[in-house]
Every structure is written in C-alpha cells, then in structure tokens.
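Shown next: protein.txt, containing compact mmCIF, C-alpha atoms.
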# COMPACT_ATOMS: atom_id res chain seq x y z
CA MET L 1 -38.56 9.41 -16.04
CA ILE L 2 -37.12 11.46 -13.15
CA ARG L 3 -38.70 14.40 -11.35
CA PRO L 4 -37.85 16.96 -8.67
CA ALA L 5 -38.56 15.82 -5.13
CA ARG L 6 -41.90 17.04 -3.80
CA PRO L 7 -42.61 18.82 -0.52
CA GLY L 8 -43.20 16.31 2.26
CA GLU L 9 -41.25 13.58 0.47
CA ALA L 10 -38.14 13.71 2.66
CA PRO L 11 -39.12 10.69 4.84
CA ALA L 12 -39.64 8.48 1.79
CA ILE L 13 -36.34 9.62 0.28
CA ASP L 14 -34.47 8.92 3.50
CA ALA L 15 -36.10 5.50 3.86
CA PHE L 16 -34.82 4.56 0.40
CA LEU L 17 -31.34 5.93 1.09
CA ALA L 18 -31.15 4.13 4.45
CA ARG L 19 -31.28 0.83 2.59
CA HIS L 20 -27.94 1.79 1.03
CA ALA L 21 -26.49 3.49 4.07
CA GLU L 22 -22.75 3.10 3.41
CA SER L 23 -22.81 5.06 0.15
CA SER L 24 -25.64 7.49 1.00
CA MET L 25 -24.16 9.48 3.86
CA PHE L 26 -23.74 12.75 1.99
CA LEU L 27 -27.27 12.62 0.61
CA ARG L 28 -28.82 11.60 3.93
CA SER L 29 -26.91 14.08 6.10
CA ASN L 30 -27.59 16.95 3.69
CA LEU L 31 -31.26 16.03 3.66
CA ALA L 32 -31.37 15.85 7.45
CA ALA L 33 -29.58 19.17 7.91
CA HIS L 34 -31.17 21.22 5.12
CA GLY L 35 -34.28 19.37 3.97
CA LEU L 36 -35.61 19.86 0.46
CA SER L 37 -35.41 23.64 0.67
CA GLY L 38 -32.45 24.12 -1.61
CA SER L 39 -31.06 26.90 0.60
CA GLY L 40 -27.82 28.71 -0.10
CA HIS L 41 -25.71 26.63 2.30
CA ARG L 42 -23.01 24.84 0.33
CA ASN L 43 -24.30 21.43 1.45
CA ALA L 44 -27.97 22.19 0.84
CA THR L 45 -29.10 19.84 -1.89
CA ARG L 46 -31.67 19.87 -4.63
CA PHE L 47 -33.11 16.36 -5.02
CA TRP L 48 -34.56 14.45 -7.94
CA VAL L 49 -36.14 10.99 -7.68
CA ALA L 50 -36.92 8.22 -10.13
CA PRO L 51 -39.13 6.88 -11.49
CA ALA L 52 -41.54 9.77 -11.89
CA GLU L 53 -44.34 7.65 -10.42
CA GLY L 54 -44.31 4.74 -8.00
CA GLU L 55 -41.80 3.60 -5.41
CA ILE L 56 -38.50 5.48 -5.30
CA ARG L 57 -35.69 3.50 -6.90
CA ALA L 58 -33.09 6.24 -7.37
CA VAL L 59 -32.17 9.58 -5.82
CA PHE L 60 -30.00 12.21 -7.51
CA GLY L 61 -28.77 15.45 -5.96
CA ARG L 62 -26.83 18.63 -6.63
CA THR L 63 -25.51 20.67 -3.71
CA SER L 64 -25.38 24.44 -3.77
CA ALA L 65 -21.60 24.09 -4.15
CA GLY L 66 -22.09 22.10 -7.35
CA PHE L 67 -21.39 18.58 -6.05
CA LEU L 68 -23.40 15.84 -7.75
CA VAL L 69 -24.32 12.94 -5.46
CA LEU L 70 -26.49 9.95 -6.27
CA GLN L 71 -27.88 6.65 -5.04
CA ALA L 72 -29.16 4.72 -8.05
CA PRO L 73 -28.31 1.03 -7.67
CA ASP L 74 -30.37 -0.29 -10.59
CA ALA L 75 -30.97 2.87 -12.61
CA PRO L 76 -30.96 2.55 -16.41
CA ASP L 77 -28.61 4.84 -18.31
CA ALA L 78 -31.60 6.91 -19.39
CA TRP L 79 -32.15 8.07 -15.79
CA HIS L 80 -28.56 9.31 -15.57
CA ARG L 81 -28.98 11.20 -18.83
CA ALA L 82 -32.24 12.68 -17.54
CA PHE L 83 -30.46 13.80 -14.35
CA VAL L 84 -27.77 15.61 -16.34
CA ALA L 85 -30.45 17.22 -18.50
CA ALA L 86 -32.36 18.32 -15.38
CA LEU L 87 -29.32 20.25 -14.17
CA GLY L 88 -29.97 22.82 -16.88
CA ASP L 89 -27.49 25.69 -16.72
CA ASN L 90 -26.37 24.90 -13.15
CA THR L 91 -22.63 24.41 -12.93
CA ILE L 92 -21.01 21.33 -11.42
CA ALA L 93 -17.77 21.04 -9.47
CA ALA L 94 -17.56 17.35 -8.57
CA LEU L 95 -19.25 13.96 -8.67
CA THR L 96 -19.34 11.46 -5.80
CA GLY L 97 -21.16 8.20 -5.26
CA GLU L 98 -20.89 4.44 -5.32
CA ALA L 99 -18.22 3.69 -7.91
CA ARG L 100 -20.21 1.53 -10.32
CA GLN L 101 -23.25 3.79 -10.33
CA THR L 102 -21.28 6.92 -11.14
CA GLU L 103 -19.90 5.39 -14.34
CA ALA L 104 -23.21 6.05 -16.09
CA THR L 105 -23.31 9.64 -14.81
CA LEU L 106 -19.78 10.24 -16.10
CA VAL L 107 -20.83 9.02 -19.54
CA ALA L 108 -23.94 11.21 -19.45
CA LEU L 109 -21.86 14.26 -18.52
CA GLY L 110 -19.71 13.71 -21.58
CA LEU L 111 -16.69 15.58 -20.21
CA PRO L 112 -13.18 14.80 -21.46
CA ASP L 113 -10.74 13.09 -19.11
CA THR L 114 -8.68 16.28 -19.02
CA ALA L 115 -11.58 18.13 -17.35
CA TRP L 116 -11.05 16.19 -14.12
CA ARG L 117 -8.42 17.10 -11.54
CA LEU L 118 -9.16 13.84 -9.73
CA ASN L 119 -11.30 10.90 -10.80
CA HIS L 120 -10.81 7.63 -8.99
CA SER L 121 -12.52 5.06 -6.79
CA GLU L 122 -11.56 4.55 -3.16
CA PRO L 123 -12.27 1.56 -0.90
CA LEU L 124 -15.34 2.16 1.25
CA TYR L 125 -15.29 0.92 4.86
CA ARG L 126 -17.84 0.42 7.62
CA LEU L 127 -17.46 -0.21 11.37
CA ALA L 128 -19.93 -1.11 14.11
CA LEU L 129 -18.80 1.09 17.00
CA ASP L 130 -19.69 -1.45 19.67
CA THR L 131 -16.68 -3.44 18.46
CA LEU L 132 -14.26 -0.56 18.95
CA PRO L 133 -11.89 -1.09 21.91
CA GLY L 134 -11.00 1.64 24.37
CA SER L 135 -8.26 4.16 23.67
CA SER L 136 -5.69 6.01 25.75
CA ALA L 137 -5.22 8.69 23.08
CA THR L 138 -5.80 12.32 24.02
CA ILE L 139 -7.90 14.38 21.61
CA ARG L 140 -9.65 17.73 21.72
CA PRO L 141 -11.59 20.02 19.40
CA PRO L 142 -9.64 22.89 17.82
CA VAL L 143 -9.54 26.38 19.32
CA GLU L 144 -8.83 29.73 17.71
CA ALA L 145 -5.11 29.42 18.36
CA ASP L 146 -5.06 26.31 16.16
CA ILE L 147 -6.38 28.10 13.06
CA PRO L 148 -2.99 28.76 11.38
CA LEU L 149 -1.96 25.13 11.91
CA LEU L 150 -5.29 23.82 10.68
CA ALA L 151 -5.12 26.00 7.56
CA ARG L 152 -1.75 24.45 6.69
CA TRP L 153 -3.01 20.96 7.41
CA PHE L 154 -6.22 21.39 5.40
CA LEU L 155 -4.25 22.76 2.46
CA ASP L 156 -1.74 19.91 2.56
CA TYR L 157 -4.54 17.36 2.94
CA THR L 158 -6.49 18.56 -0.10
CA ALA L 159 -3.36 19.01 -2.20
CA SER L 160 -1.82 15.64 -1.33
CA THR L 161 -5.08 13.80 -1.98
CA GLY L 162 -5.58 15.53 -5.33
CA ILE L 163 -8.69 17.44 -4.28
CA SER L 164 -7.10 20.84 -4.86
CA SER L 165 -3.88 22.56 -5.87
CA ARG L 166 -1.83 24.79 -3.59
CA ASP L 167 -2.76 28.00 -5.39
CA GLU L 168 -4.11 31.13 -3.76
CA ALA L 169 -7.74 30.04 -4.08
CA ALA L 170 -6.93 26.75 -2.35
CA GLN L 171 -5.16 28.61 0.44
CA VAL L 172 -8.19 30.86 0.95
CA THR L 173 -10.47 27.81 1.07
CA ALA L 174 -8.20 26.06 3.58
CA LEU L 175 -8.16 29.10 5.85
CA LYS L 176 -11.94 29.45 5.65
CA ARG L 177 -12.36 25.80 6.56
CA ALA L 178 -9.95 26.21 9.48
CA VAL L 179 -11.90 29.19 10.82
CA GLU L 180 -15.22 27.36 10.44
CA SER L 181 -13.92 24.22 12.15
CA VAL L 182 -13.66 25.91 15.55
CA PRO L 183 -17.37 26.63 16.13
CA LEU L 184 -18.53 23.64 14.08
CA GLY L 185 -16.92 21.17 16.47
CA ASP L 186 -16.54 18.20 14.11
CA VAL L 187 -12.72 18.20 13.96
CA ARG L 188 -10.57 16.46 16.56
CA LEU L 189 -6.85 16.91 17.14
CA LEU L 190 -4.64 14.13 18.49
CA LEU L 191 -2.27 15.45 21.14
CA GLU L 192 1.16 14.28 22.21
CA ASP L 193 2.89 16.20 24.98
CA GLY L 194 0.14 18.78 24.58
CA ALA L 195 0.86 19.44 20.88
CA PRO L 196 -1.40 18.49 17.92
CA VAL L 197 0.10 15.68 15.82
CA ALA L 198 -2.88 14.50 13.71
CA MET L 199 -6.51 15.31 12.96
CA SER L 200 -9.74 13.72 11.84
CA ALA L 201 -13.25 15.04 11.27
CA VAL L 202 -16.87 14.05 10.87
CA ASN L 203 -17.87 15.15 7.38
CA ALA L 204 -21.40 13.70 7.39
CA ARG L 205 -23.60 13.06 10.39
CA LEU L 206 -26.82 11.26 11.28
CA PRO L 207 -28.11 10.37 14.75
CA ASP L 208 -26.91 6.76 14.46
CA MET L 209 -24.11 6.95 11.87
CA VAL L 210 -21.20 9.22 11.02
CA GLN L 211 -18.81 9.47 8.11
CA ILE L 212 -15.18 10.25 8.93
CA GLY L 213 -13.04 12.32 6.59
CA GLY L 214 -10.13 14.71 6.50
CA VAL L 215 -7.81 12.35 8.37
CA TYR L 216 -4.37 13.95 8.30
CA VAL L 217 -0.96 13.31 9.81
CA PRO L 218 2.00 15.57 8.91
CA PRO L 219 4.45 13.70 6.63
CA GLU L 220 7.23 13.63 9.23
CA LEU L 221 4.93 11.96 11.77
CA ARG L 222 3.41 9.24 9.60
CA SER L 223 3.70 5.43 9.79
CA ARG L 224 3.40 5.37 13.59
CA GLY L 225 -0.33 4.70 13.99
CA ARG L 226 -1.44 8.27 14.60
CA GLY L 227 -4.09 8.31 11.86
CA GLY L 228 -5.85 5.27 13.24
CA ALA L 229 -5.46 6.56 16.79
CA VAL L 230 -7.20 9.88 16.16
CA VAL L 231 -10.03 8.21 14.23
CA ALA L 232 -10.58 5.60 16.95
CA ALA L 233 -10.58 8.21 19.71
CA GLN L 234 -13.05 10.43 17.86
CA LEU L 235 -15.34 7.48 17.20
CA LEU L 236 -15.34 6.59 20.88
CA GLU L 237 -16.67 10.10 21.54
CA GLU L 238 -19.35 9.54 18.93
CA ARG L 239 -20.27 6.17 20.45
CA ALA L 240 -20.79 7.87 23.80
CA ARG L 241 -23.30 10.16 22.07
CA GLY L 242 -25.29 7.19 20.77
CA VAL L 243 -23.78 6.78 17.31
CA ARG L 244 -23.70 3.10 16.38
CA GLU L 245 -21.82 2.91 13.08
CA ALA L 246 -19.19 4.74 11.07
CA VAL L 247 -18.17 4.77 7.43
CA LEU L 248 -15.19 6.24 5.59
CA PHE L 249 -13.24 5.83 2.40
CA ALA L 250 -9.48 5.48 2.14
CA ASN L 251 -7.42 7.61 -0.22
CA ASN L 252 -4.39 5.29 -0.24
CA ASP L 253 -3.19 1.86 0.84
CA ALA L 254 -1.50 3.13 4.01
CA ALA L 255 -4.74 4.75 5.15
CA ALA L 256 -6.69 1.60 4.32
CA ARG L 257 -4.36 -0.50 6.47
CA ALA L 258 -4.66 1.95 9.35
CA TYR L 259 -8.46 1.76 9.26
CA GLU L 260 -8.46 -2.02 9.00
CA ARG L 261 -6.26 -2.23 12.10
CA ILE L 262 -8.95 -0.52 14.17
CA GLY L 263 -11.67 -2.81 12.82
CA PHE L 264 -13.08 -1.23 9.64
CA ALA L 265 -14.18 -3.75 7.02
CA ARG L 266 -14.41 -2.99 3.34
CA VAL L 267 -17.97 -2.90 2.00
CA GLY L 268 -17.53 -1.45 -1.49
CA SER L 269 -15.96 1.34 -3.54
CA TYR L 270 -16.76 5.04 -3.69
CA ARG L 271 -15.90 7.47 -6.48
CA VAL L 272 -14.40 10.87 -5.80
CA ALA L 273 -14.21 12.98 -8.96
CA ILE L 274 -13.23 16.67 -8.79
CA LEU L 275 -13.25 18.98 -11.81
CA GLU L 276 -10.38 21.34 -12.57
CA ARG L 277 -12.96 24.13 -12.70
CA GLN L 278 -16.73 24.31 -12.51
CA VAL L 279 -18.46 23.59 -15.79
CA THR L 280 -21.99 23.56 -17.16
CA PRO L 281 -23.04 20.15 -18.56
CA GLY L 282 -23.26 20.28 -22.33
CA VAL L 283 -20.76 23.15 -22.56
CA ALA L 284 -17.17 22.35 -23.46
CA ALA L 285 -14.92 22.08 -20.38

Have the structure of the file written as structure tokens, please.
Amino acid sequence: MIRPARPGEAPAIDAFLARHAESSMFLRSNLAAHGLSGSGHRNATRFWVAPAEGEIRAVFGRTSAGFLVLQAPDAPDAWHRAFVAALGDNTIAALTGEARQTEATLVALGLPDTAWRLNHSEPLYRLALDTLPGSSATIRPPVEADIPLLARWFLDYTASTGISSRDEAAQVTALKRAVESVPLGDVRLLLEDGAPVAMSAVNARLPDMVQIGGVYVPPELRSRGRGGAVVAAQLLEERARGVREAVLFANNDAAARAYERIGFARVGSYRVAILERQVTPGVAA
C-alpha cells in the first residue's frame, strides 16, 4: 500500500513533488538538503511513497522534529491510515500540507480537537519573481547584536500566530532560532533610519523557488506597508541569485492583502496544525 522510500529514489520523488510545487516546498527542500538519510537534523525527513509498486502517486514524510508533511492529491483514505500506522512509536508535533489532503490524515490520527494548539488552513500564494518591481527599501541580514531583538520578535511571531505560547520553553526556542539565524543567512531585516523595523525569512529553499515565512512587524509599526516591503526586497535579492518563483501562506487577512499588493496570487490553501505537546499516534493525547 505504502512503503519506505528506497535508496536512489530521490530524483523520482522530487519529480513527483515538482508537479505540485506550491504545496511541496517543505518536502522538496528537506529532500534536497538532507536526502533520504534520515539524519538527526530537525528538518531531515523520513519518506514513504505510495503505491508500493508502480509510479509514485503520493509522498508522506516525518521530520526528525516530528512534523508530518505530505503530498497526496488523489490518495485514498487507506493510504493515510497506512502512513499513520507506519509511524510506529515515533512521536508527532505537527501536521502541514495542502488543506484538503490533510483532512484524511487528521482523521487517521484520531486525535481530539483539544490536542491541537493550532489547526487551521491559510491561503497559499505564488509569485513569479520576474513580475516583481524594483524596491528602494533597505534590508540586511542579522548580526550578533540583533540577537536579543530577534529573540523577542520570534517569540512574538510564534505566539501571535498561535504556533507557540510565551512560556519558558518557547522563549528558549526563540532565542535558539535567533542565534541560528545569524550564520544561516535566510533572515532579512528592514531598516529605517538604520534601525530594524520588520523581518522576513526564507523557510524553504530550492535553486529556482523559495518559500517565505516568519514575516513580522512589531504591533506599533503595522499597517504602513512594512511587511510587504521587507518581503519584496528579500525576493529581489533571491531573484538576483536566479530564483524564479516564490510561495508563502498568509496567517491573517492583513498579511494576505499585503502580499497581494506586491503581486502574489492565491493558488490554494495550506493547513498548519500544531499539537499542544508531542504525542504518539494511537496513544491518548
């Protein structure tokens, strides 16, 4: 019914995922960065494919951090149940994927509504970067001196979007992400009079496509176009590197309007579902 991906199968998996590019960025970028090895990196992913024989029609994954990700546009419910069964005693922390497809996985998981901190669908957008006009905005990558600010911004971003609380564990995670963002180089800060006023980041990357996430503007500076400005400026940098397209999903109506103003067009819906705590499928949450 479904089976673990086999050594040497990465090109075939990516070819299938590329046909559904907008909602496959996490799977494709994790595959490109970490292969089928299942290493300890939090984004390294274990892959399953379906059917067990013949052309690939569905791809399911679990990252080392416990995120379930899938691309299964015409999968029967039995494949989703088989995926959950294949997880065995591995814990899960979240589920993401094209909104309609993930409904069957949610049913197969059998978790009560109260198990989820966040479980909703967000509008999914795509933009061809050759249509993006120039920008006069000033952006730069973060430096070590920005870490305290970034830690506050990451914490407020995850808390305000429902991804996390503001407890001690969330604060530790925000600080770790802030420290990692400096050498990683995927975050950009929008500057006004030399001071950071907004940020955006690439949270999934391929040679020709990026996914933008983590767009944040402090509450007192919102509703003045800064979110769209930092995204547009960062995407111009990516275009100069040869990236041709970008995708993102919008957490709220204001964000959606900001992205539409710089040319993003809606192409679907994407589910973001975060558990209150990690659970093992089949064990009461």

Excluding same-chain residues fewer than 6 positions from Ala78 of chain L, what lies within 12 Å of it counting all atoms listed in the file, as an mmCIF file with C-alpha atoms, keeping the file's coordinate frame?
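Result went into result36.cif, see below:
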data_model
loop_
_atom_site.group_PDB
_atom_site.id
_atom_site.type_symbol
_atom_site.label_atom_id
_atom_site.label_comp_id
_atom_site.auth_asym_id
_atom_site.auth_seq_id
_atom_site.Cartn_x
_atom_site.Cartn_y
_atom_site.Cartn_z
ATOM 1 C CA MET L 1 -38.560 9.410 -16.040
ATOM 2 C CA ILE L 2 -37.120 11.460 -13.150
ATOM 3 C CA ALA L 50 -36.920 8.220 -10.130
ATOM 4 C CA PRO L 51 -39.130 6.880 -11.490
ATOM 5 C CA ALA L 72 -29.160 4.720 -8.050
ATOM 6 C CA VAL L 84 -27.770 15.610 -16.340
ATOM 7 C CA ALA L 85 -30.450 17.220 -18.500
ATOM 8 C CA ALA L 104 -23.210 6.050 -16.090
ATOM 9 C CA THR L 105 -23.310 9.640 -14.810
ATOM 10 C CA VAL L 107 -20.830 9.020 -19.540
ATOM 11 C CA ALA L 108 -23.940 11.210 -19.450
#

Per-residue nearest contacts of segment 86-148 of chain L to segment 172-195 of chain L (10 Å; all atoms listed in the file) as CSV:
residue,atom,partner,partner_atom,distance
L:Ala137,CA,L:Leu190,CA,7.1
L:Thr138,CA,L:Leu191,CA,5.5
L:Ile139,CA,L:Leu190,CA,4.5
L:Arg140,CA,L:Arg188,CA,5.4
L:Pro141,CA,L:Arg188,CA,4.7
L:Pro142,CA,L:Val182,CA,5.5
L:Val143,CA,L:Val182,CA,5.6
L:Glu144,CA,L:Val182,CA,6.5
L:Ala145,CA,L:Val182,CA,9.7
L:Asp146,CA,L:Ala178,CA,8.3
L:Ile147,CA,L:Ala178,CA,5.4
L:Pro148,CA,L:Leu175,CA,7.6

Can I get the selection written as a PDB file, in the coordinates of the input, with C-alpha atoms?
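Resulting contents of again_9.pdb:
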ATOM      1  CA  ALA L 137      -5.220   8.690  23.080  1.00  0.00           C
ATOM      2  CA  THR L 138      -5.800  12.320  24.020  1.00  0.00           C
ATOM      3  CA  ILE L 139      -7.900  14.380  21.610  1.00  0.00           C
ATOM      4  CA  ARG L 140      -9.650  17.730  21.720  1.00  0.00           C
ATOM      5  CA  PRO L 141     -11.590  20.020  19.400  1.00  0.00           C
ATOM      6  CA  PRO L 142      -9.640  22.890  17.820  1.00  0.00           C
ATOM      7  CA  VAL L 143      -9.540  26.380  19.320  1.00  0.00           C
ATOM      8  CA  GLU L 144      -8.830  29.730  17.710  1.00  0.00           C
ATOM      9  CA  ALA L 145      -5.110  29.420  18.360  1.00  0.00           C
ATOM     10  CA  ASP L 146      -5.060  26.310  16.160  1.00  0.00           C
ATOM     11  CA  ILE L 147      -6.380  28.100  13.060  1.00  0.00           C
ATOM     12  CA  PRO L 148      -2.990  28.760  11.380  1.00  0.00           C
TER      13      PRO L 148
END

Please provide as a short mmCIF file (atom, residue, chain, number, x, y, z; two decimals) with C-alpha atoms, in the frame of the given file all residues within 6 Å of segment 263-277 of chain L, with the sequence filter that same-chain residues fewer than 5 positions apart are discarded (counting only C-alpha atoms).
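To be explicit, this is the file written out as out_24.cif:
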data_model
loop_
_atom_site.label_atom_id
_atom_site.label_comp_id
_atom_site.auth_asym_id
_atom_site.auth_seq_id
_atom_site.Cartn_x
_atom_site.Cartn_y
_atom_site.Cartn_z
CA ALA L 93 -17.77 21.04 -9.47
CA ALA L 94 -17.56 17.35 -8.57
CA LEU L 95 -19.25 13.96 -8.67
CA THR L 96 -19.34 11.46 -5.80
CA GLY L 97 -21.16 8.20 -5.26
CA GLU L 98 -20.89 4.44 -5.32
CA ALA L 99 -18.22 3.69 -7.91
CA ALA L 115 -11.58 18.13 -17.35
CA TRP L 116 -11.05 16.19 -14.12
CA ARG L 117 -8.42 17.10 -11.54
CA LEU L 118 -9.16 13.84 -9.73
CA ASN L 119 -11.30 10.90 -10.80
CA HIS L 120 -10.81 7.63 -8.99
CA SER L 121 -12.52 5.06 -6.79
CA GLU L 122 -11.56 4.55 -3.16
CA PRO L 123 -12.27 1.56 -0.90
CA LEU L 124 -15.34 2.16 1.25
CA TYR L 125 -15.29 0.92 4.86
CA ARG L 126 -17.84 0.42 7.62
CA LEU L 127 -17.46 -0.21 11.37
#

Could you make a table, as CSV, of the residues of segment 38-98 of chain L that have an atom within 10 Å of an atom of segment 6-15 of chain L, each with its nearest atom pair and distance in Å to one decimal, counting only C-alpha atoms, in chain and number order?
residue,atom,partner,partner_atom,distance
L:Phe47,CA,L:Arg6,CA,8.9
L:Trp48,CA,L:Arg6,CA,8.8
L:Val49,CA,L:Ile13,CA,8.1
L:Glu55,CA,L:Ala12,CA,9.0
L:Ile56,CA,L:Ile13,CA,7.3
L:Arg57,CA,L:Ile13,CA,9.5
L:Ala58,CA,L:Ile13,CA,9.0
L:Val59,CA,L:Ile13,CA,7.4

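The two atoms in question, atom CA of Arg166 of chain L and atom CA of Leu248 of chain L, are spaced 24.6 Å apart.
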
Could you list, as a ChimeraX atom specification, every residue within 10 Å of Thr63 of chain L, counting only C-alpha atoms and ignoring same-chain residues fewer than 6 positions away? /L:26-27,30,38-47,69,92-94

Can you report as AutoDock Vina command-line options the centre and edge lengths in Å, to one decimal, of an axis-aligned box around the listed atoms of segment 67-71 of chain L padded with 4 Å on each side?
--center_x -24.6 --center_y 12.6 --center_z -6.4 --size_x 14.5 --size_y 19.9 --size_z 10.7

If you count only C-alpha atoms, which residues fall within 10 Å of Pro133 of chain L, apart from same-chain ones fewer than 4 positions away, as a PDB file with C-alpha atoms, keeping the file's coordinate frame?
ATOM      1  CA  LEU L 129     -18.800   1.090  17.000  1.00  0.00           C
ATOM      2  CA  ALA L 232     -10.580   5.600  16.950  1.00  0.00           C
ATOM      3  CA  ALA L 233     -10.580   8.210  19.710  1.00  0.00           C
ATOM      4  CA  LEU L 236     -15.340   6.590  20.880  1.00  0.00           C
ATOM      5  CA  ILE L 262      -8.950  -0.520  14.170  1.00  0.00           C
ATOM      6  CA  GLY L 263     -11.670  -2.810  12.820  1.00  0.00           C
TER       7      GLY L 263
END

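Counting from atom CA of Ala229 of chain L, the distance to atom CA of Ser135 of chain L is 7.8 Å.
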
What is the atom CA of Pro112 of chain L-atom CA of Arg62 of chain L distance in Å, reported with one decimal?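 About the pair atom CA of Pro112 of chain L and atom CA of Arg62 of chain L: they are 20.5 Å apart.
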
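Once Ala86 of chain L and its same-chain neighbours fewer than 2 positions away are set aside, Ile2, Arg3, Pro4, Trp48, Arg81, Ala82, Phe83, Val84, Gly88 and Asp89 of chain L remain within 9 Å of it when counting all atoms listed in the file.
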
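Near (-21.6, 5.9, 15.0), the residues inside the 7 Å limit, counting only C-alpha atoms, come to Leu129, Asp208, Met209, Val210, Leu235, Glu238, Arg239, Gly242, Val243, Arg244, Glu245 and Ala246 of chain L.
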
Top pick for closest residue to Arg222 of chain L, considering L:Asp253, L:Ala151, L:Ser136, L:Val197 and counting all atoms listed in the file: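 Checking each candidate against Arg222 of chain L, we get L:Val197 as the closest.
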